[in-house]
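Novice: File follows, data_31.cif with mmCIF, C-alpha atoms:
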data_structure
loop_
_atom_site.label_atom_id
_atom_site.label_comp_id
_atom_site.auth_asym_id
_atom_site.auth_seq_id
_atom_site.Cartn_x
_atom_site.Cartn_y
_atom_site.Cartn_z
CA MET A 1 120.43 26.36 52.62
CA ASN A 2 119.44 27.02 49.01
CA PRO A 3 115.79 28.20 49.08
CA VAL A 4 114.63 25.88 46.32
CA ALA A 5 116.48 22.86 47.72
CA GLY A 6 115.14 23.51 51.21
CA LEU A 7 111.57 23.97 50.03
CA VAL A 8 111.66 20.85 47.86
CA LEU A 9 113.24 18.73 50.61
CA SER A 10 110.65 19.90 53.14
CA GLN A 11 107.88 19.06 50.67
CA ALA A 12 109.39 15.62 50.05
CA LEU A 13 109.42 14.82 53.77
CA CYS A 14 105.90 16.11 54.31
CA TYR A 15 104.42 14.36 51.27
CA THR A 16 106.07 11.05 52.12
CA ALA A 17 104.62 11.26 55.63
CA THR A 18 101.18 11.85 54.16
CA ARG A 19 101.46 8.77 51.93
CA LEU A 20 102.54 6.67 54.91
CA ALA A 21 99.40 7.70 56.77
CA MET A 22 97.18 7.05 53.73
CA VAL A 23 98.08 3.36 53.91
CA ALA A 24 98.58 2.83 57.64
CA VAL A 25 95.47 4.51 59.07
CA PRO A 26 92.82 3.03 56.71
CA TRP A 27 94.34 -0.45 57.00
CA PHE A 28 94.37 -0.17 60.80
CA VAL A 29 90.68 0.81 60.81
CA LEU A 30 89.79 -1.97 58.36
CA GLU A 31 91.62 -4.65 60.36
CA THR A 32 90.27 -3.56 63.74
CA THR A 33 86.67 -2.84 62.72
CA GLY A 34 86.12 -4.58 59.34
CA SER A 35 83.89 -1.63 58.45
CA PRO A 36 84.21 0.38 55.21
CA ALA A 37 81.72 2.83 56.75
CA ARG A 38 84.07 3.55 59.66
CA MET A 39 86.94 3.93 57.21
CA GLY A 40 84.83 6.51 55.40
CA LEU A 41 84.17 8.37 58.65
CA VAL A 42 87.89 8.55 59.44
CA LEU A 43 88.55 9.85 55.94
CA PHE A 44 85.72 12.39 56.31
CA CYS A 45 87.20 13.81 59.53
CA GLU A 46 90.76 14.09 58.26
CA VAL A 47 90.04 15.39 54.76
CA GLY A 48 87.20 17.62 55.99
CA ALA A 49 89.46 19.23 58.56
CA TYR A 50 92.20 19.56 55.93
CA ALA A 51 89.89 21.34 53.50
CA LEU A 52 88.42 23.59 56.21
CA ALA A 53 91.85 24.62 57.45
CA ARG A 54 93.03 25.47 53.93
CA LEU A 55 89.80 27.36 53.32
CA LEU A 56 90.12 29.53 56.43
CA GLY A 57 93.89 29.72 56.79
CA GLY A 58 94.79 31.68 53.64
CA PRO A 59 94.82 35.15 55.25
CA LEU A 60 97.23 33.91 57.91
CA LEU A 61 99.77 32.89 55.24
CA ASP A 62 100.03 36.41 53.85
CA ARG A 63 99.89 37.97 57.33
CA TRP A 64 102.32 35.76 59.27
CA GLY A 65 104.38 34.38 56.40
CA GLN A 66 104.19 31.06 54.61
CA ARG A 67 107.39 29.68 56.13
CA ALA A 68 106.36 30.42 59.73
CA VAL A 69 102.91 28.87 59.25
CA SER A 70 104.33 25.75 57.59
CA VAL A 71 106.94 25.10 60.29
CA ARG A 72 104.46 25.42 63.15
CA ALA A 73 101.75 23.40 61.41
CA ASP A 74 104.13 20.53 60.56
CA ALA A 75 105.23 20.41 64.20
CA ALA A 76 101.60 20.25 65.37
CA ALA A 77 100.76 17.50 62.86
CA SER A 78 103.80 15.50 64.01
CA ALA A 79 102.63 15.66 67.62
CA ALA A 80 99.08 14.58 66.71
CA VAL A 81 100.31 11.64 64.60
CA LEU A 82 102.58 10.51 67.42
CA CYS A 83 99.60 10.38 69.80
CA VAL A 84 97.92 7.62 67.73
CA PRO A 85 100.44 4.80 68.36
CA LEU A 86 101.15 6.05 71.88
CA ALA A 87 97.47 6.02 72.81
CA HIS A 88 97.04 2.59 71.24
CA ALA A 89 100.01 1.20 73.21
CA ALA A 90 98.44 2.58 76.41
CA GLY A 91 95.08 0.99 75.61
CA MET A 92 93.40 4.41 75.33
CA LEU A 93 92.78 4.68 71.57
CA SER A 94 89.00 4.61 71.32
CA PHE A 95 87.39 5.25 67.95
CA PRO A 96 86.18 8.77 68.99
CA LEU A 97 89.73 9.62 70.08
CA LEU A 98 91.08 8.39 66.74
CA LEU A 99 88.57 10.64 64.96
CA ALA A 100 89.69 13.59 67.08
CA LEU A 101 93.38 12.95 66.34
CA VAL A 102 92.92 12.60 62.59
CA THR A 103 90.89 15.82 62.68
CA VAL A 104 93.81 17.63 64.33
CA ILE A 105 96.17 16.14 61.73
CA GLY A 106 93.95 17.46 58.94
CA LEU A 107 93.70 20.91 60.55
CA ALA A 108 97.49 21.15 60.71
CA THR A 109 98.34 19.53 57.37
CA GLY A 110 96.08 21.82 55.34
CA PRO A 111 97.84 25.13 56.13
CA ALA A 112 101.26 23.45 56.08
CA GLU A 113 100.86 22.19 52.52
CA ALA A 114 99.26 25.43 51.32
CA ALA A 115 102.16 27.39 52.79
CA LYS A 116 104.75 25.27 51.01
CA VAL A 117 102.96 25.59 47.66
CA SER A 118 102.67 29.37 47.96
CA LEU A 119 106.37 29.68 48.83
CA ALA A 120 107.34 28.64 45.30
CA PRO A 121 107.50 32.17 43.78
CA ALA A 122 109.60 33.50 46.68
CA ALA A 123 111.96 30.53 46.51
CA ALA A 124 112.29 30.88 42.74
CA ALA A 125 113.05 34.59 43.06
CA ALA A 126 115.60 34.02 45.84
CA ALA A 127 117.37 31.34 43.81
CA GLY A 128 117.04 33.14 40.46
CA VAL A 129 115.30 30.29 38.59
CA ARG A 130 112.15 30.00 36.49
CA ILE A 131 108.90 29.32 38.31
CA GLU A 132 108.23 26.29 36.05
CA ARG A 133 111.43 24.73 37.38
CA VAL A 134 110.31 25.10 40.97
CA THR A 135 106.77 23.86 40.36
CA GLY A 136 108.18 21.01 38.29
CA LEU A 137 110.55 19.96 41.07
CA ALA A 138 107.74 20.23 43.61
CA GLY A 139 105.56 18.07 41.38
CA THR A 140 108.37 15.54 41.05
CA VAL A 141 108.86 15.14 44.79
CA ASP A 142 105.09 14.90 45.21
CA ARG A 143 104.97 12.09 42.66
CA LEU A 144 108.11 10.45 44.09
CA SER A 145 106.49 10.38 47.52
CA GLN A 146 103.59 8.51 45.93
CA THR A 147 106.13 5.77 45.15
CA VAL A 148 108.27 5.71 48.27
CA GLY A 149 105.48 6.41 50.76
CA PRO A 150 103.03 3.64 49.81
CA LEU A 151 105.78 1.06 49.24
CA ALA A 152 107.39 1.86 52.58
CA ALA A 153 104.03 1.95 54.34
CA GLY A 154 102.81 -1.28 52.76
CA GLY A 155 106.02 -3.07 53.65
CA ALA A 156 106.04 -1.69 57.19
CA VAL A 157 102.40 -2.56 57.82
CA ALA A 158 102.89 -6.07 56.45
CA ALA A 159 106.00 -6.61 58.57
CA VAL A 160 105.16 -5.03 61.92
CA GLY A 161 101.60 -3.69 61.72
CA ALA A 162 99.91 -0.40 60.83
CA LEU A 163 100.66 1.73 63.86
CA PRO A 164 104.48 1.49 63.88
CA ALA A 165 104.47 3.18 60.47
CA LEU A 166 102.92 6.21 62.15
CA TYR A 167 106.06 6.68 64.28
CA ALA A 168 107.97 7.19 61.03
CA ASN A 169 105.22 9.53 59.87
CA ALA A 170 105.69 11.72 62.96
CA VAL A 171 109.47 11.81 62.48
CA LEU A 172 109.15 12.83 58.83
CA LEU A 173 106.79 15.70 59.70
CA ALA A 174 109.16 16.92 62.42
CA LEU A 175 112.07 16.85 59.95
CA ALA A 176 109.99 18.80 57.41
CA ALA A 177 109.50 21.53 60.00
CA LEU A 178 113.21 21.63 60.85
CA VAL A 179 114.33 21.79 57.20
CA LEU A 180 111.98 24.59 56.21
CA GLY A 181 112.90 26.45 59.39
CA ALA A 182 116.47 26.66 58.04
CA VAL A 183 115.36 28.20 54.70
CA ARG A 184 115.61 31.96 54.27
CA VAL A 185 113.35 33.70 51.77
CA ALA A 186 112.02 37.23 51.51
CA PRO A 187 109.49 37.91 54.31
CA PRO A 188 105.88 38.58 53.34
CA GLY A 189 105.12 42.11 52.20
CA ALA A 190 103.24 44.50 54.38
CA HIS A 191 99.57 43.61 54.55
CA ASP A 192 96.89 46.13 53.78
CA GLY A 193 95.62 46.43 57.35
CA SER A 194 92.23 44.96 56.53
CA GLY A 195 90.51 42.55 58.88
CA TYR A 196 90.58 38.76 58.72
CA LEU A 197 87.25 38.43 56.90
CA ASP A 198 88.22 41.02 54.29
CA ARG A 199 91.48 39.20 53.62
CA LEU A 200 89.64 35.87 53.52
CA PHE A 201 87.12 37.06 50.95
CA THR A 202 89.91 38.59 48.89
CA GLY A 203 91.16 35.05 48.29
CA PHE A 204 87.69 33.96 47.17
CA ARG A 205 87.25 36.95 44.88
CA VAL A 206 90.57 36.62 43.05
CA VAL A 207 89.86 32.95 42.38
CA TRP A 208 86.14 33.06 41.60
CA ARG A 209 86.29 36.10 39.29
CA ASP A 210 88.90 34.43 37.08
CA PRO A 211 87.08 32.05 34.67
CA THR A 212 90.10 29.78 34.28
CA LEU A 213 90.80 29.43 37.99
CA ARG A 214 87.10 28.96 38.71
CA THR A 215 86.77 26.15 36.17
CA VAL A 216 89.97 24.43 37.29
CA VAL A 217 88.73 24.54 40.88
CA LEU A 218 85.40 22.92 39.98
CA VAL A 219 87.03 20.20 37.86
CA LEU A 220 89.61 19.35 40.49
CA ALA A 221 87.01 19.34 43.26
CA VAL A 222 85.21 16.49 41.51
CA THR A 223 88.32 14.55 40.46
CA ASN A 224 90.01 14.93 43.86
CA ALA A 225 86.93 13.64 45.67
CA ILE A 226 86.88 10.53 43.50
CA GLY A 227 90.65 10.04 43.62
CA THR A 228 90.81 10.38 47.42
CA ALA A 229 87.99 7.86 47.92
CA VAL A 230 89.64 5.38 45.54
CA SER A 231 93.15 5.58 47.00
CA SER A 232 92.21 5.70 50.68
CA LEU A 233 89.10 3.53 50.74
CA VAL A 234 88.29 1.55 47.58
CA LEU A 235 91.82 0.27 46.94
CA PRO A 236 92.34 -1.19 50.46
CA VAL A 237 88.87 -2.78 50.33
CA TRP A 238 89.63 -4.25 46.86
CA VAL A 239 92.98 -5.63 48.06
CA HIS A 240 91.49 -7.03 51.26
CA GLY A 241 88.56 -8.56 49.39
CA ASN A 242 90.92 -10.36 47.01
CA GLY A 243 92.77 -12.00 49.89
CA MET A 244 95.92 -9.88 49.57
CA GLY A 245 97.85 -7.96 52.21
CA PRO A 246 98.74 -4.30 52.82
CA GLU A 247 101.98 -4.66 50.87
CA VAL A 248 99.84 -4.93 47.72
CA VAL A 249 98.23 -1.57 48.53
CA GLY A 250 101.76 -0.16 48.56
CA MET A 251 102.70 -1.91 45.32
CA VAL A 252 99.65 -0.66 43.44
CA ALA A 253 99.89 2.89 44.73
CA GLY A 254 103.66 2.78 44.26
CA SER A 255 103.33 1.86 40.59
CA LEU A 256 101.17 4.93 40.10
CA GLY A 257 103.69 7.09 41.93
CA ALA A 258 106.78 5.69 40.23
CA ALA A 259 105.42 6.36 36.76
CA SER A 260 104.22 9.80 37.80
CA VAL A 261 107.77 10.65 38.84
CA LEU A 262 108.88 10.04 35.25
CA GLY A 263 106.04 12.20 33.94
CA SER A 264 106.85 14.97 36.39
CA LEU A 265 110.57 14.88 35.55
CA ALA A 266 109.72 15.14 31.86
CA ALA A 267 107.45 18.10 32.57
CA THR A 268 110.18 19.74 34.66
CA ALA A 269 112.65 19.44 31.78
CA VAL A 270 110.41 20.46 28.88
CA GLY A 271 107.21 21.71 30.55
CA HIS A 272 107.82 25.29 29.41
CA ARG A 273 107.64 24.03 25.79
CA LEU A 274 104.48 21.91 26.07
CA PRO A 275 101.11 23.30 24.93
CA ARG A 276 99.48 23.86 28.28
CA ARG A 277 95.84 23.41 27.35
CA ALA A 278 96.30 20.15 25.48
CA THR A 279 98.69 18.81 28.14
CA PHE A 280 96.22 19.56 30.93
CA LEU A 281 93.18 18.04 29.22
CA VAL A 282 94.86 14.88 27.91
CA ALA A 283 96.81 14.26 31.11
CA LEU A 284 93.77 14.68 33.35
CA ALA A 285 91.60 12.40 31.20
CA LEU A 286 94.23 9.61 31.27
CA ALA A 287 95.42 10.13 34.84
CA GLY A 288 92.14 9.13 36.49
CA PRO A 289 89.54 6.95 34.73
CA PRO A 290 91.76 4.06 33.52
CA HIS A 291 93.26 3.17 36.89
CA ILE A 292 89.89 3.54 38.62
CA ALA A 293 87.97 1.40 36.14
CA VAL A 294 90.54 -1.43 36.08
CA LEU A 295 89.58 -2.34 39.66
CA ALA A 296 86.20 -3.48 38.29
CA LEU A 297 87.80 -5.99 35.88
CA ASP A 298 88.81 -9.57 36.58
CA VAL A 299 92.43 -9.17 35.49
CA PRO A 300 95.76 -10.27 37.03
CA LEU A 301 97.55 -8.04 39.49
CA GLY A 302 100.24 -7.35 36.89
CA ALA A 303 97.67 -5.80 34.56
CA VAL A 304 96.37 -3.60 37.38
CA LEU A 305 99.92 -2.43 38.12
CA ALA A 306 100.49 -1.62 34.43
CA VAL A 307 97.30 0.44 34.13
CA PHE A 308 98.10 2.34 37.33
CA ALA A 309 101.56 3.08 35.90
CA VAL A 310 100.14 4.50 32.66
CA SER A 311 97.78 6.75 34.60
CA GLY A 312 100.64 7.86 36.83
CA LEU A 313 102.76 8.80 33.83
CA PHE A 314 100.11 11.24 32.60
CA GLY A 315 99.30 12.44 36.12
CA GLY A 316 102.90 13.56 36.50
CA LEU A 317 102.44 16.11 33.75
CA LEU A 318 99.71 18.00 35.62
CA ASN A 319 101.44 19.78 38.52
CA PRO A 320 103.89 21.95 36.53
CA VAL A 321 101.07 23.15 34.27
CA LEU A 322 98.70 23.87 37.14
CA GLY A 323 101.39 25.56 39.24
CA ALA A 324 102.47 27.88 36.45
CA VAL A 325 98.88 28.83 35.57
CA LEU A 326 98.04 29.50 39.20
CA PHE A 327 101.00 31.76 39.94
CA GLU A 328 100.57 33.67 36.67
CA ARG A 329 96.92 34.45 37.36
CA LEU A 330 97.04 35.28 41.08
CA PRO A 331 97.89 38.87 42.10
CA PRO A 332 101.30 39.02 43.84
CA GLY A 333 99.80 40.35 47.07
CA ALA A 334 97.31 37.51 47.35
CA VAL A 335 99.42 34.47 46.49
CA GLY A 336 99.10 32.95 49.96
CA ARG A 337 95.36 33.54 50.17
CA GLY A 338 94.81 32.46 46.57
CA THR A 339 96.73 29.20 46.81
CA ALA A 340 95.12 28.34 50.14
CA THR A 341 91.66 29.07 48.73
CA ILE A 342 92.29 27.00 45.61
CA GLY A 343 93.68 24.13 47.66
CA ALA A 344 90.64 24.21 49.93
CA LEU A 345 88.02 24.50 47.21
CA THR A 346 89.55 21.72 45.13
CA ARG A 347 89.23 19.44 48.16
CA LEU A 348 85.86 20.71 49.35
CA ALA A 349 84.01 17.65 48.08
CA SER A 350 86.69 15.17 49.17
CA PRO A 351 85.35 14.67 52.73
CA LEU A 352 82.06 13.46 51.25
CA GLY A 353 83.81 10.95 49.01
CA GLY A 354 84.77 8.69 51.91
CA PRO A 355 81.32 8.24 53.52
CA VAL A 356 79.58 8.02 50.13
CA ALA A 357 82.06 5.45 48.80
CA GLY A 358 81.96 3.49 52.06
CA ALA A 359 78.17 3.25 52.00
CA ALA A 360 78.16 2.41 48.28
CA LEU A 361 80.76 -0.33 48.74
CA ALA A 362 78.74 -1.88 51.54
CA ALA A 363 75.58 -1.79 49.41
CA ALA A 364 76.80 -2.61 45.89
CA GLY A 365 80.38 -3.88 46.02
CA VAL A 366 83.54 -2.66 44.32
CA ALA A 367 82.77 -3.00 40.59
CA PRO A 368 79.69 -0.73 40.30
CA VAL A 369 81.29 1.90 42.54
CA VAL A 370 84.54 2.17 40.58
CA LEU A 371 82.81 2.18 37.19
CA ALA A 372 80.54 5.02 38.28
CA GLY A 373 83.52 6.89 39.69
CA ALA A 374 85.55 6.50 36.50
CA GLY A 375 82.65 7.79 34.38
CA ILE A 376 82.09 10.88 36.54
CA TYR A 377 85.84 11.57 36.59
CA LEU A 378 86.02 11.48 32.79
CA LEU A 379 83.06 13.84 32.38
CA ALA A 380 84.65 16.30 34.79
CA ALA A 381 88.04 16.09 33.05
CA LEU A 382 86.48 16.97 29.68
CA ALA A 383 84.39 19.86 31.04
CA PRO A 384 86.94 22.66 30.38
CA LEU A 385 87.53 21.61 26.77
CA PHE A 386 86.27 24.82 25.21
CA GLY A 387 85.58 28.47 26.04
CA ARG A 388 87.31 31.31 27.86
CA ALA A 389 88.39 29.11 30.74
CA ALA A 390 90.24 26.74 28.41
CA ARG A 391 91.97 29.61 26.62
CA GLY A 392 93.23 30.81 29.99
CA LEU A 393 95.24 27.60 30.33
CA ASP A 394 97.44 28.65 27.42
CA ARG A 395 100.77 30.30 28.06
CA PRO A 396 100.48 34.11 27.94
CA ASP A 397 102.06 35.93 25.02
CA PRO A 398 105.45 37.43 25.85
CA ALA A 399 105.47 41.12 26.61
CA PRO A 400 106.40 43.23 23.55
CA GLU A 401 109.90 44.58 23.31
CA PRO A 402 110.06 48.32 24.16
CA SER A 403 110.59 50.46 21.11
CA ALA A 404 113.79 52.35 20.68
#
Rewrite the structure from the file as structure tokens, please.
Specialist:
Amino acid sequence: MNPVAGLVLSQALCYTATRLAMVAVPWFVLETTGSPARMGLVLFCEVGAYALARLLGGPLLDRWGQRAVSVRADAAASAAVLCVPLAHAAGMLSFPLLLALVTVIGLATGPAEAAKVSLAPAAAAAAGVRIERVTGLAGTVDRLSQTVGPLAAGGAVAAVGALPALYANAVLLALAALVLGAVRVAPPGAHDGSGYLDRLFTGFRVVWRDPTLRTVVLVLAVTNAIGTAVSSLVLPVWVHGNGMGPEVVGMVAGSLGAASVLGSLAATAVGHRLPRRATFLVALALAGPPHIAVLALDVPLGAVLAVFAVSGLFGGLLNPVLGAVLFERLPPGAVGRGTATIGALTRLASPLGGPVAGAALAAAGVAPVVLAGAGIYLLAALAPLFGRAARGLDRPDPAPEPSA
């Protein structure tokens, strides 16, 4: 199988499974408990485990190989997801058991996604294509899954209930493991023989000593925390509170994803020509605050869908820029550790978003929470506007031609 095609297909399967779970699990908790606080606790366990696994799993990617880690982790996540509907059918799915299962899912999904991201340079080299093409394609399937996954999940939950959608989730994760298992790329280079902790702190050092990577990590940590809380917690509560069903969660999230596919395809085609700094700053500022703030307004559903679509269009431009910057600035021998560390740090605050948003929703309602979230998101997006970190987003100058 072509390395790029196999990697992209595996990512598509994995990302679609993730979007299925993002609709099915919160809606199941909301319907069975009616508690935004419990929804926040489920989100805390899954996202917290995800971030912790990405934080600590980086050295294993460079030691064991990204492909091997991804295949095994996807298989483990598939098994854990499958246990949720099976335990429910057997009458054994207590809330503590659900928390334990979503924690296992997060622990497996974190390294699996980090491994796929860090495979991009090897797949590009094996296929002989530009890295921007691979990161652009990966961004496109990520955005496409944001369309297919929520729409499929919303329709499935509305038709047959939340838990049957998780069977499909488990199948998709198993297929992702099988597809990537058939891909052949260059094995990881020989490691330096250092211990686990030394390799772990190498990932931190290469990220934290680079002003651009450090700033990007801090900005994305804030915006990801807000975005995760909105998509997994605030949006279902808003839909439920307006007397609508889970299919509307899929429609709203799907409009964001569908437009982001167009943005990502455009970035894949012409991303190497776009000014990186301006693209990053404008896209981030328009990808988040508008679609968060619109949930506070008394507007028709069609207007909400339109605003989500505009934000998705700009959000689709982000992944190719971020991927290219990341792989250009990480040392070749620390790509696995670096990408895992960045993925973990950018999601470090996300576990707190669920409990904080759940408590705030219970105390103040939807409108004040989303307006505050949109304002914080905008401030974070504008933070890297100037300075050394911003200059690092620009495309490096081409190497000079050797003299005769």
Novice: Could you tell me which residues the PyMOL selection byres ((chain A and resi 134) around 9) grabs in this file, written as a VMD selection string?
Specialist: chain A and resid 4 8 120 to 121 123 to 124 129 to 133 135 to 139 268 320
Novice: Go through A:Ala285, A:Leu213, A:Leu60, A:Leu295 one by one, measure the shortest atom-to-atom distance of each to Leu330 (chain A) using all atoms listed in the file, and give the residue with the smallest value.
Specialist: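 Nearest to Leu330 (chain A): A:Leu213.
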Novice: Please, what distance in Å, to one decimal, runs between CA of Arg54 (chain A) and CA of Thr341 (chain A)?
Specialist: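 Going from CA of Arg54 (chain A) over to CA of Thr341 (chain A) covers 6.5 Å.
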Novice: Quick one: residues within 12 Å of Asp298 (chain A), all atoms listed in the file counted, chain neighbours fewer than 4 positions away excluded, as a list in words?
Specialist: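 Listed by chain and then number, they are Trp238, Asn242, Ala293, Val294, Gly302, Ala303, Val304, Val366 and Ala367 of chain A.
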Novice: Between A:Ala87, A:Ala306, A:Leu322, A:Ala176, single out the one closest to Glu113 (chain A), counting only C-alpha atoms.
Specialist: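 Between A:Ala87, A:Ala306, A:Leu322, A:Ala176, the residue approaching Glu113 (chain A) most closely is A:Ala176.
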Novice: Quick one: what's the axis-aligned box for region 263-280 of chain A, all listed atoms, 5 Å on every side, centre and edges in Å to one decimal, as lines of an AutoDock Vina configuration file?
Specialist:
center_x = 104.2
center_y = 18.7
center_z = 30.7
size_x = 26.8
size_y = 23.1
size_z = 21.5
Novice: Any chance you could resolve the PyMOL selection byres ((chain A and resi 57) around 9) against this file and give the residues as a list in words?
Specialist: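 Given this file, the PyMOL selection byres ((chain A and resi 57) around 9) evaluates to Leu52, Ala53, Arg54, Leu55, Leu56, Gly58, Pro59, Leu60, Leu61, Gly110, Pro111, Ala114, Leu200, Arg337, Ala340 and Thr341 of chain A.
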Novice: The PyMOL selection byres ((chain A and resi 310) around 8) on the file shown: which residues, as a PyMOL selection string?
Specialist: chain A and resi 256+259+286-287+306-309+311-314
Novice: Tell me, in Å to one decimal, how far CA of Asp74 (chain A) is from CA of Ile342 (chain A).
Specialist: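 These two atoms are separated by 20.1 Å.
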Novice: For a quick check of understanding, using all atoms listed in the file, which of A:Ser78, A:Ser350, A:Gln66, A:Asn319 has the smallest distance to Leu175 (chain A)?
Specialist: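 That would be A:Ser78, the residue with the smallest distance to Leu175 (chain A).
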